[in-house]
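The file work.txt contains compact mmCIF, C-alpha atoms:
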```txt
# COMPACT_ATOMS: atom_id res chain seq x y z
CA VAL A 7 130.30 88.25 74.90
CA LEU A 8 129.19 88.41 78.55
CA LEU A 9 129.89 92.12 78.72
CA THR A 10 127.85 92.76 75.58
CA GLY A 11 125.00 90.67 76.99
CA ALA A 12 125.10 92.62 80.24
CA GLY A 13 125.10 95.88 78.29
CA LEU A 14 122.09 94.80 76.24
CA LEU A 15 120.19 93.74 79.36
CA GLY A 16 121.13 96.96 81.13
CA ARG A 17 119.81 99.12 78.30
CA SER A 18 116.72 96.92 78.03
CA PHE A 19 116.06 97.21 81.77
CA ALA A 20 116.49 100.98 81.65
CA ARG A 21 113.92 101.19 78.83
CA LEU A 22 111.59 98.87 80.76
CA ALA A 23 111.87 100.84 84.00
CA SER A 24 111.17 104.12 82.18
CA VAL A 25 107.85 102.93 80.69
CA GLU A 26 104.96 104.93 82.10
CA PRO A 27 102.34 102.56 83.60
CA GLY A 28 99.49 104.97 82.78
CA PHE A 29 98.81 105.71 86.44
CA ARG A 30 100.87 107.31 89.22
CA PRO A 31 102.25 104.55 91.50
CA GLU A 32 104.14 106.96 93.74
CA GLY A 33 102.16 107.81 96.86
CA ALA A 34 99.64 104.96 96.37
CA ALA A 35 99.09 101.80 98.44
CA THR A 36 96.86 98.77 97.99
CA LEU A 37 95.54 95.59 99.62
CA ARG A 38 93.16 92.82 98.57
CA VAL A 39 90.15 91.19 100.25
CA SER A 40 87.88 88.42 98.99
CA LEU A 41 84.21 88.47 99.94
CA SER A 42 83.61 84.73 100.02
CA GLY A 43 81.00 82.73 101.86
CA THR A 44 77.26 83.09 102.34
CA ARG A 45 77.63 86.38 104.22
CA TYR A 46 78.34 88.11 100.90
CA ALA A 47 76.18 85.99 98.62
CA GLY A 48 73.87 88.89 97.86
CA ALA A 49 74.74 92.06 95.98
CA ALA A 50 73.35 94.20 98.81
CA GLN A 51 75.78 92.72 101.36
CA ARG A 52 78.74 93.26 99.04
CA ARG A 53 77.60 96.78 98.28
CA ASP A 54 77.37 97.60 101.98
CA PHE A 55 80.86 96.22 102.58
CA HIS A 56 82.35 98.31 99.77
CA ARG A 57 80.70 101.45 101.09
CA ALA A 58 81.78 100.84 104.70
CA LEU A 59 85.36 100.01 103.69
CA LEU A 60 85.70 103.09 101.51
CA GLU A 61 84.35 105.33 104.27
CA ARG A 62 86.80 103.95 106.83
CA ALA A 63 89.76 104.01 104.44
CA ALA A 64 89.05 107.63 103.53
CA ARG A 65 89.25 108.55 107.23
CA VAL A 66 92.71 107.04 107.72
CA PRO A 67 95.19 109.87 108.49
CA GLY A 68 97.25 110.72 105.42
CA VAL A 69 94.79 109.23 102.91
CA ARG A 70 93.61 111.72 100.28
CA ALA A 71 91.50 109.42 98.11
CA ALA A 72 90.28 105.83 98.38
CA GLY A 73 88.78 103.50 95.79
CA THR A 74 88.34 99.85 94.95
CA VAL A 75 88.90 97.86 91.80
CA TRP A 76 88.02 94.32 90.81
CA TYR A 77 91.40 93.39 89.30
CA LEU A 78 94.45 95.43 90.17
CA PRO A 79 96.46 96.75 87.19
CA MET A 80 99.64 94.76 86.48
CA SER A 81 98.37 91.83 88.57
CA GLY A 82 98.07 89.54 85.55
CA GLU A 83 94.30 89.20 86.07
CA LYS A 84 91.59 90.58 83.84
CA SER A 85 88.08 89.91 82.55
CA ASN A 86 87.80 90.21 78.79
CA THR A 87 84.53 90.36 76.84
CA ASN A 88 83.15 91.25 73.43
CA PHE A 89 80.91 94.27 73.08
CA GLU A 90 78.94 96.16 70.49
CA VAL A 91 78.35 99.87 69.96
CA ASP A 92 74.62 100.54 69.89
CA GLY A 93 73.55 102.01 66.55
CA ARG A 94 76.36 100.41 64.55
CA PRO A 95 75.96 97.34 62.33
CA LYS A 96 76.54 94.16 64.29
CA SER A 97 80.07 92.80 63.89
CA ALA A 98 80.73 89.51 62.14
CA PRO A 99 81.43 86.56 64.47
CA GLY A 100 85.06 86.60 65.54
CA SER A 101 85.58 90.28 64.71
CA GLU A 102 83.65 91.87 67.60
CA PRO A 103 85.31 94.68 69.55
CA GLU A 104 86.96 93.48 72.76
CA ALA A 105 87.56 95.18 76.09
CA ASP A 106 88.49 94.40 79.69
CA ILE A 107 85.68 94.91 82.20
CA ARG A 108 86.86 96.65 85.37
CA LEU A 109 84.54 97.14 88.34
CA VAL A 110 85.58 100.16 90.40
CA GLY A 111 84.27 101.97 93.43
CA GLY A 112 84.81 105.11 95.47
CA ASP A 113 87.35 107.63 94.20
CA TYR A 114 89.32 105.02 92.28
CA PHE A 115 90.46 107.21 89.40
CA THR A 116 91.90 109.83 91.76
CA ALA A 117 93.50 107.18 93.97
CA MET A 118 95.28 105.67 90.95
CA GLY A 119 96.15 109.01 89.41
CA LEU A 120 94.26 108.32 86.18
CA PRO A 121 93.58 111.55 84.28
CA LEU A 122 90.07 112.38 83.05
CA ARG A 123 90.15 112.93 79.27
CA ALA A 124 86.50 113.72 78.60
CA GLY A 125 83.10 113.69 80.29
CA ARG A 126 82.91 112.72 83.96
CA VAL A 127 83.70 109.84 86.30
CA PHE A 128 81.23 107.93 88.46
CA THR A 129 79.37 109.69 91.26
CA GLU A 130 77.17 108.57 94.14
CA ALA A 131 74.19 109.45 91.95
CA ASP A 132 74.99 106.38 89.80
CA ARG A 133 73.10 104.00 92.06
CA GLU A 134 71.64 100.54 91.80
CA GLY A 135 68.43 100.52 89.84
CA GLY A 136 69.38 103.59 87.84
CA PRO A 137 70.52 103.58 84.24
CA ASP A 138 73.83 101.73 83.76
CA VAL A 139 76.74 104.00 82.95
CA PHE A 140 80.29 103.25 81.84
CA VAL A 141 83.63 105.02 81.85
CA VAL A 142 86.04 103.88 79.13
CA ASN A 143 89.77 104.41 78.70
CA ASP A 144 91.35 106.31 75.86
CA ALA A 145 92.79 103.08 74.41
CA LEU A 146 89.22 101.98 73.67
CA ALA A 147 88.34 105.43 72.35
CA ARG A 148 91.31 105.46 69.97
CA ARG A 149 90.67 101.97 68.65
CA TYR A 150 86.91 101.93 68.27
CA PHE A 151 85.89 105.61 68.10
CA ARG A 152 88.43 107.14 65.76
CA GLY A 153 87.60 110.74 65.06
CA GLU A 154 84.60 110.84 67.40
CA SER A 155 83.90 110.95 71.11
CA PRO A 156 82.53 107.85 72.85
CA VAL A 157 80.82 110.01 75.51
CA GLY A 158 77.07 109.59 75.16
CA ARG A 159 77.32 106.41 73.09
CA ARG A 160 75.73 103.19 74.31
CA LEU A 161 77.68 99.93 74.65
CA VAL A 162 76.21 96.44 74.85
CA TYR A 163 77.97 93.33 76.16
CA GLU A 164 77.20 90.00 77.79
CA TRP A 165 77.69 89.78 81.54
CA ASP A 166 77.72 86.85 83.95
CA ARG A 167 75.71 87.20 87.15
CA VAL A 168 74.39 84.84 89.83
CA VAL A 169 70.61 84.60 90.26
CA ASN A 170 69.21 82.33 93.00
CA GLY A 171 72.58 80.66 93.32
CA ARG A 172 72.90 79.91 89.61
CA PRO A 173 75.07 81.78 87.07
CA GLU A 174 73.38 83.22 84.02
CA LEU A 175 74.31 85.46 81.11
CA TYR A 176 72.41 88.62 80.30
CA MET A 177 72.87 91.53 77.95
CA LEU A 178 74.03 94.70 79.66
CA THR A 179 73.53 98.07 77.99
CA GLY A 180 75.02 101.27 79.36
CA THR A 181 75.90 104.81 78.36
CA VAL A 182 79.49 106.05 78.27
CA VAL A 183 79.77 109.09 80.56
CA GLY A 184 83.53 109.63 80.58
CA VAL A 185 86.96 108.77 79.19
CA VAL A 186 90.06 108.32 81.37
CA GLY A 187 93.70 107.55 80.71
CA SER A 188 94.80 103.98 79.99
CA GLU A 189 96.53 101.70 82.48
CA ARG A 190 99.10 99.19 81.31
CA GLU A 191 97.21 96.44 83.08
CA GLY A 192 99.32 93.69 81.43
CA GLY A 193 102.66 95.11 82.58
CA PRO A 194 105.22 97.49 81.06
CA THR A 195 105.86 95.31 78.00
CA ALA A 196 102.18 95.23 77.01
CA GLU A 197 100.37 98.06 75.29
CA PRO A 198 97.30 99.40 77.14
CA SER A 199 94.24 97.37 76.20
CA PRO A 200 90.74 98.80 75.74
CA GLY A 201 88.88 98.93 79.02
CA ILE A 202 85.32 99.51 80.19
CA TYR A 203 84.85 100.62 83.82
CA ARG A 204 81.63 99.85 85.63
CA TRP A 205 80.46 101.34 88.95
CA TYR A 206 80.49 98.99 91.97
CA ARG A 207 77.12 100.34 93.15
CA GLN A 208 75.58 98.80 90.07
CA GLU A 209 77.65 95.59 90.16
CA PRO A 210 79.49 94.94 93.48
CA ALA A 211 82.25 92.38 93.01
CA ARG A 212 83.26 89.58 95.37
CA GLN A 213 86.92 90.57 95.13
CA ALA A 214 88.02 94.05 96.10
CA ASN A 215 91.43 95.63 95.76
CA LEU A 216 91.51 98.74 97.91
CA VAL A 217 93.69 101.53 96.49
CA VAL A 218 94.45 104.76 98.37
CA ARG A 219 96.46 107.85 97.52
CA THR A 220 98.42 109.41 100.35
CA GLY A 221 100.19 112.67 100.97
CA GLY A 222 103.31 110.98 102.35
CA ASP A 223 104.82 107.53 102.65
CA PRO A 224 102.21 105.06 101.33
CA GLY A 225 103.78 102.17 103.22
CA ALA A 226 103.09 103.93 106.52
CA VAL A 227 99.30 103.72 106.09
CA LEU A 228 99.17 100.00 105.31
CA PRO A 229 98.65 98.87 108.95
CA ALA A 230 95.80 101.36 109.32
CA LEU A 231 94.21 100.11 106.09
CA VAL A 232 94.36 96.51 107.33
CA ALA A 233 92.75 97.68 110.57
CA ALA A 234 90.02 99.42 108.53
CA VAL A 235 89.17 96.13 106.80
CA HIS A 236 88.99 94.27 110.11
CA ALA A 237 86.86 97.02 111.61
CA VAL A 238 84.27 96.32 108.89
CA ASP A 239 84.61 92.52 109.10
CA PRO A 240 87.11 90.94 111.54
CA GLN A 241 86.82 87.56 109.79
CA LEU A 242 88.12 88.73 106.41
CA ALA A 243 91.66 87.84 105.40
CA VAL A 244 93.79 90.62 103.95
CA ALA A 245 96.40 89.89 101.28
CA GLY A 246 98.75 91.84 99.03
CA ALA A 247 99.24 94.82 101.35
CA ARG A 248 101.96 96.83 99.59
CA THR A 249 102.66 100.07 97.80
CA MET A 250 101.82 100.52 94.14
CA GLU A 251 105.50 101.16 93.46
CA ASP A 252 106.15 97.61 94.73
CA VAL A 253 103.41 96.34 92.41
CA VAL A 254 105.04 98.03 89.42
CA GLY A 255 108.50 96.92 90.55
CA GLY A 256 107.31 93.33 90.74
CA THR A 257 106.54 93.34 87.02
CA ILE A 258 110.23 93.89 86.23
CA ALA A 259 111.61 91.56 88.92
CA ARG A 260 112.58 88.85 86.42
CA PRO A 261 114.44 91.21 84.04
CA ARG A 262 116.21 92.66 87.10
CA LEU A 263 117.31 89.17 88.21
CA THR A 264 118.51 88.31 84.70
CA LEU A 265 120.47 91.56 84.52
CA THR A 266 122.02 90.91 87.94
CA LEU A 267 123.17 87.41 86.97
CA PHE A 268 124.56 88.53 83.62
CA GLY A 269 126.24 91.51 85.26
CA ALA A 270 127.86 89.30 87.89
CA PHE A 271 129.23 86.90 85.27
CA ALA A 272 130.41 89.83 83.14
CA ALA A 273 132.20 91.37 86.13
CA MET A 274 133.93 88.06 86.83
CA ALA A 275 134.89 87.76 83.16
CA MET A 276 136.31 91.29 83.17
CA LEU A 277 138.35 90.54 86.31
CA LEU A 278 139.75 87.38 84.78
CA ALA A 279 140.45 89.16 81.48
CA GLY A 280 142.26 92.00 83.25
CA LEU A 281 144.35 89.62 85.35
CA GLY A 282 145.11 87.53 82.27
CA ILE A 283 146.26 90.50 80.19
CA TYR A 284 148.33 91.81 83.08
CA GLY A 285 149.97 88.42 83.60
CA VAL A 286 150.78 87.89 79.93
CA VAL A 287 152.22 91.39 79.44
CA ALA A 288 154.15 91.27 82.74
CA PHE A 289 155.65 87.90 81.77
CA SER A 290 156.56 89.27 78.33
CA VAL A 291 158.27 92.30 79.90
CA ALA A 292 160.21 90.09 82.29
CA GLN A 293 161.39 87.96 79.39
CA ARG A 294 162.58 91.07 77.53
CA ARG A 295 164.40 92.90 80.32
CA GLY A 296 167.68 92.76 78.40
CA GLU A 297 166.06 94.15 75.26
CA MET A 298 164.55 97.00 77.26
CA GLY A 299 167.94 97.74 78.85
CA VAL A 300 169.63 97.87 75.43
CA ARG A 301 166.92 100.16 74.05
CA MET A 302 167.21 102.56 76.98
CA ALA A 303 171.02 102.42 76.88
CA LEU A 304 170.90 103.44 73.23
CA GLY A 305 168.77 106.46 74.00
CA ALA A 306 165.16 105.23 74.15
CA GLY A 307 163.12 107.26 76.63
CA ARG A 308 160.75 105.90 79.22
CA GLY A 309 157.79 107.01 77.10
CA ASP A 310 159.15 104.97 74.19
CA VAL A 311 159.31 101.85 76.36
CA VAL A 312 155.79 102.42 77.70
CA ARG A 313 154.41 102.89 74.18
CA LEU A 314 156.19 99.75 72.98
CA VAL A 315 154.83 97.53 75.76
CA VAL A 316 151.36 99.02 75.78
CA GLY A 317 151.14 98.89 71.97
CA GLN A 318 151.96 95.20 71.90
CA GLY A 319 149.48 94.51 74.67
CA MET A 320 146.74 96.47 72.92
CA LYS A 321 147.35 94.58 69.67
CA LEU A 322 146.58 91.34 71.46
CA ALA A 323 143.61 92.92 73.22
CA GLY A 324 142.35 94.37 69.94
CA ALA A 325 142.38 90.94 68.34
CA GLY A 326 140.46 89.58 71.32
CA VAL A 327 137.91 92.40 71.20
CA ALA A 328 137.36 91.87 67.47
CA ALA A 329 136.81 88.15 67.98
CA GLY A 330 134.53 88.86 70.94
CA LEU A 331 132.41 91.31 68.97
CA ALA A 332 131.99 88.81 66.15
CA ALA A 333 130.93 86.13 68.63
CA ALA A 334 128.61 88.57 70.44
CA LEU A 335 126.84 89.48 67.18
CA VAL A 336 126.00 85.81 66.72
CA LEU A 337 125.30 84.68 70.29
CA THR A 338 123.32 87.67 71.54
CA ARG A 339 120.61 86.85 69.00
CA LEU A 340 119.61 84.11 71.44
CA MET A 341 118.74 86.88 73.92
CA ALA A 342 116.16 88.55 71.70
CA SER A 343 113.25 87.32 73.85
CA LEU A 344 114.83 88.91 76.95
CA LEU A 345 115.18 92.37 75.45
CA PHE A 346 112.77 95.30 75.40
CA GLY A 347 113.27 98.35 73.23
CA VAL A 348 116.74 97.29 71.99
CA THR A 349 117.97 94.85 69.37
CA PRO A 350 120.68 92.19 69.85
CA ALA A 351 122.91 94.21 67.48
CA ASP A 352 122.48 97.43 69.47
CA PRO A 353 125.51 99.61 68.54
CA ALA A 354 125.73 101.30 71.95
CA ALA A 355 125.99 97.96 73.80
CA LEU A 356 128.53 96.52 71.35
CA LEU A 357 130.73 99.62 71.22
CA GLY A 358 130.38 100.17 74.97
CA ALA A 359 131.56 96.62 75.67
CA ALA A 360 134.49 97.02 73.27
CA ALA A 361 135.49 100.36 74.78
CA PHE A 362 135.24 99.10 78.34
CA LEU A 363 137.25 95.99 77.61
CA GLY A 364 139.80 98.10 75.75
CA GLY A 365 140.12 100.34 78.79
CA VAL A 366 140.72 97.35 81.06
CA ALA A 367 143.32 96.03 78.61
CA LEU A 368 145.02 99.42 78.45
CA PHE A 369 145.28 99.65 82.24
CA ALA A 370 146.47 96.05 82.55
CA SER A 371 149.19 96.71 79.93
CA TRP A 372 150.21 100.07 81.37
CA LEU A 373 151.11 98.71 84.83
CA PRO A 374 153.94 96.38 83.68
CA ALA A 375 154.98 98.92 81.02
CA ARG A 376 155.48 101.57 83.70
CA ARG A 377 157.53 99.11 85.76
CA ALA A 378 159.69 98.29 82.75
CA ALA A 379 160.26 101.96 81.92
CA SER A 380 161.30 102.80 85.50
CA ALA A 381 163.96 100.07 85.65
CA ASP A 382 167.67 101.02 85.60
CA PRO A 383 169.05 99.97 82.16
CA ILE A 384 172.47 99.07 83.67
CA LEU A 385 170.88 96.71 86.17
CA ALA A 386 168.70 95.23 83.43
CA LEU A 387 171.79 94.50 81.31
CA LYS A 388 173.66 93.02 84.26
CA ALA A 389 170.72 90.77 85.01
CA GLU A 390 170.96 89.43 81.51
```
Translate this file's structure into structure tokens.
Amino acid sequence: VLLTGAGLLGRSFARLASVEPGFRPEGAATLRVSLSGTRYAGAAQRRDFHRALLERAARVPGVRAAGTVWYLPMSGEKSNTNFEVDGRPKSAPGSEPEADIRLVGGDYFTAMGLPLRAGRVFTEADREGGPDVFVVNDALARRYFRGESPVGRRLVYEWDRVVNGRPELYMLTGTVVGVVGSEREGGPTAEPSPGIYRWYRQEPARQANLVVRTGGDPGAVLPALVAAVHAVDPQLAVAGARTMEDVVGGTIARPRLTLTLFGAFAAMAMLLAGLGIYGVVAFSVAQRRGEMGVRMALGAGRGDVVRLVVGQGMKLAGAGVAAGLAAALVLTRLMASLLFGVTPADPAALLGAAAFLGGVALFASWLPARRAASADPILALKAE
């Protein structure tokens, strides 16, 4: 049962680790800063910080592209809102289209390795005071613009902003200028959700996750990126400095731990099973030394003795495997919530566990069988 559970978790983990996150984590690094306090109360101060940080980060040796994002993909954070497509009938309450709002800056899409599907991405021409523009992901395009392009369409949604120290809601209308690939922002087990990207120049956020793409080891540039933040503002605290591969790896840390624990218990169970089978068969052979001597004295070959002992051992092991498979079919259903991409009755895991256990049983039976077959039949008879 433990071996089947470990096999199921192993196959599930392999499926989980092979899920494409929608962006290219290799070669990318990130860190997070929070623009708190009165120094960044105004949008102009936050906008200046974003611009200065991006300029310094882009000059770090080895950095090919630098961008910022409000909430980092796979961080568990997001900002969801309802929206409407201008020109379409207004949706009934409770059935409005939904999307995650993601504020980005600099060359974010290149830094994350997000492919451009249609239109264009943000440019420095998309400044404050100009017409609001959006970039959407292809998950939003597939769900809400089936058979047509969202580029050029206008979206309307409510947005929260602070005016004179007080939050207020206002209706934001912008034109879609591009479509990019979809990030699995909720982790590898979650399907990509519709997303609307907004340019930081038009709405600078208080939280900034810096993301850079490098031409070498992304971990090597992290100290220089921290120094770039402190060069802009020495008082800012930096958190979450790591590579994007570590970010993605963190989303499967719990399945990895579960697999490790199950695998350790399964290995211990296999060791105990092998030692148990060996001990039982060895004791049986010792009890039947006289019988083996008589058989060999009457003309039985060593191969006959080996087949006899191994066959009896495998009969016992076969009964155990059959009982174990029946128990595994029942008990592994309790693991359904831990699995991804496989079912508790996965044939490969069940047959693999049976075959592996059968191999251990065969080896554990063969060792005493070989010893019995190599014994001198005269000495075996005398011992009796």
Sphere at (157.2, 99.3, 77.8), radius 8 Å, counting all atoms listed in the file: residues as a compact mmCIF listing (two decimals) with C-alpha atoms, keeping the file's coordinate frame:
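Done, and the output landed in part-v9.txt:
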```
# COMPACT_ATOMS: atom_id res chain seq x y z
CA VAL A 291 158.27 92.30 79.90
CA MET A 298 164.55 97.00 77.26
CA ARG A 308 160.75 105.90 79.22
CA GLY A 309 157.79 107.01 77.10
CA ASP A 310 159.15 104.97 74.19
CA VAL A 311 159.31 101.85 76.36
CA VAL A 312 155.79 102.42 77.70
CA ARG A 313 154.41 102.89 74.18
CA LEU A 314 156.19 99.75 72.98
CA VAL A 315 154.83 97.53 75.76
CA VAL A 316 151.36 99.02 75.78
CA TRP A 372 150.21 100.07 81.37
CA PRO A 374 153.94 96.38 83.68
CA ALA A 375 154.98 98.92 81.02
CA ARG A 376 155.48 101.57 83.70
CA ARG A 377 157.53 99.11 85.76
CA ALA A 378 159.69 98.29 82.75
CA ALA A 379 160.26 101.96 81.92
```
Please determine, counting all atoms listed in the file, which residue among A:Ala23, A:Ala237, A:Leu146, A:Ala226 has the shortest atom-to-atom distance to Leu60 (chain A).
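Answer, going by the shortest atom-to-atom distance: A:Ala237.
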Min atom-atom distance to Gly358 (chain A) from the set A:Arg212, A:Arg133, A:Arg70, A:Arg17, counting all atoms listed in the file, belongs to A:Arg17
Would you kindly return, as a ChimeraX atom specification, each protein, DNA or RNA residue with an atom no farther than 9 Å from any atom of Asn215 (chain A), considering all atoms listed in the file and excluding same-chain residues fewer than 6 positions away?
/A:36-40,73-78,246
Take the residues from that selection and put them in a file with C-alpha atoms, as an mmCIF file, in the frame of the given file.
```
data_model
loop_
_atom_site.group_PDB
_atom_site.id
_atom_site.type_symbol
_atom_site.label_atom_id
_atom_site.label_comp_id
_atom_site.auth_asym_id
_atom_site.auth_seq_id
_atom_site.Cartn_x
_atom_site.Cartn_y
_atom_site.Cartn_z
ATOM 1 C CA THR A 36 96.860 98.770 97.990
ATOM 2 C CA LEU A 37 95.540 95.590 99.620
ATOM 3 C CA ARG A 38 93.160 92.820 98.570
ATOM 4 C CA VAL A 39 90.150 91.190 100.250
ATOM 5 C CA SER A 40 87.880 88.420 98.990
ATOM 6 C CA GLY A 73 88.780 103.500 95.790
ATOM 7 C CA THR A 74 88.340 99.850 94.950
ATOM 8 C CA VAL A 75 88.900 97.860 91.800
ATOM 9 C CA TRP A 76 88.020 94.320 90.810
ATOM 10 C CA TYR A 77 91.400 93.390 89.300
ATOM 11 C CA LEU A 78 94.450 95.430 90.170
ATOM 12 C CA GLY A 246 98.750 91.840 99.030
#
```
Closest of A:Gly180, A:Thr249, A:Gly112, A:Ser97 to Arg30 (chain A), counting all atoms listed in the file, is A:Thr249
With a distance cut-off of 7 Å and all atoms listed in the file, select the neighbouring residues of Thr220 (chain A), excluding the residue or stretch itself and same-chain residues fewer than 2 positions from it, and output the selection as number ranges by chain.
A: 33-34, 68-70, 218, 222, 224
For a quick check of understanding, using only C-alpha atoms, which of A:Val110, A:Val162, A:Val227, A:Val25 has the smallest distance to Lys96 (chain A)?
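Closest candidate: A:Val162.
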Point-to-point distance from CA of Pro210 (chain A) to CA of Ala49 (chain A), Å rounded to tenths
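Interatomic distance here is 6.1 Å.
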Return the single residue from A:Val182, A:Leu22, A:Met341, A:Ala334 that is closest to Pro137 (chain A), with distances computed using all atoms listed in the file.
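The answer is A:Val182, which sits nearest to Pro137 (chain A).
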Pick from A:Ala323, A:Val217, A:Leu59, A:Met118, whichever lies nearest to Gly365 (chain A) using all atoms listed in the file
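Under the stated criterion, the closest residue is A:Ala323.
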As a ChimeraX atom specification, please: the residues near region 186-202 of chain A (cut-off 9 Å, all atoms listed in the file, same-chain neighbours under 6 positions excluded).
/A:22-29,78-84,86,104-109,115,120-127,140-150,254,257-258,346
Point-to-point distance in Å for CA of Ala273 (chain A) and CA of Asp352 (chain A)
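Interatomic distance, CA of Asp352 (chain A) to CA of Ala273 (chain A): 20.2 Å.
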Could you check how far CA of Asp239 (chain A) sits from CA of Ala72 (chain A), in Å to one decimal?
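One can read the CA of Asp239 (chain A) to CA of Ala72 (chain A) distance as 18.0 Å.
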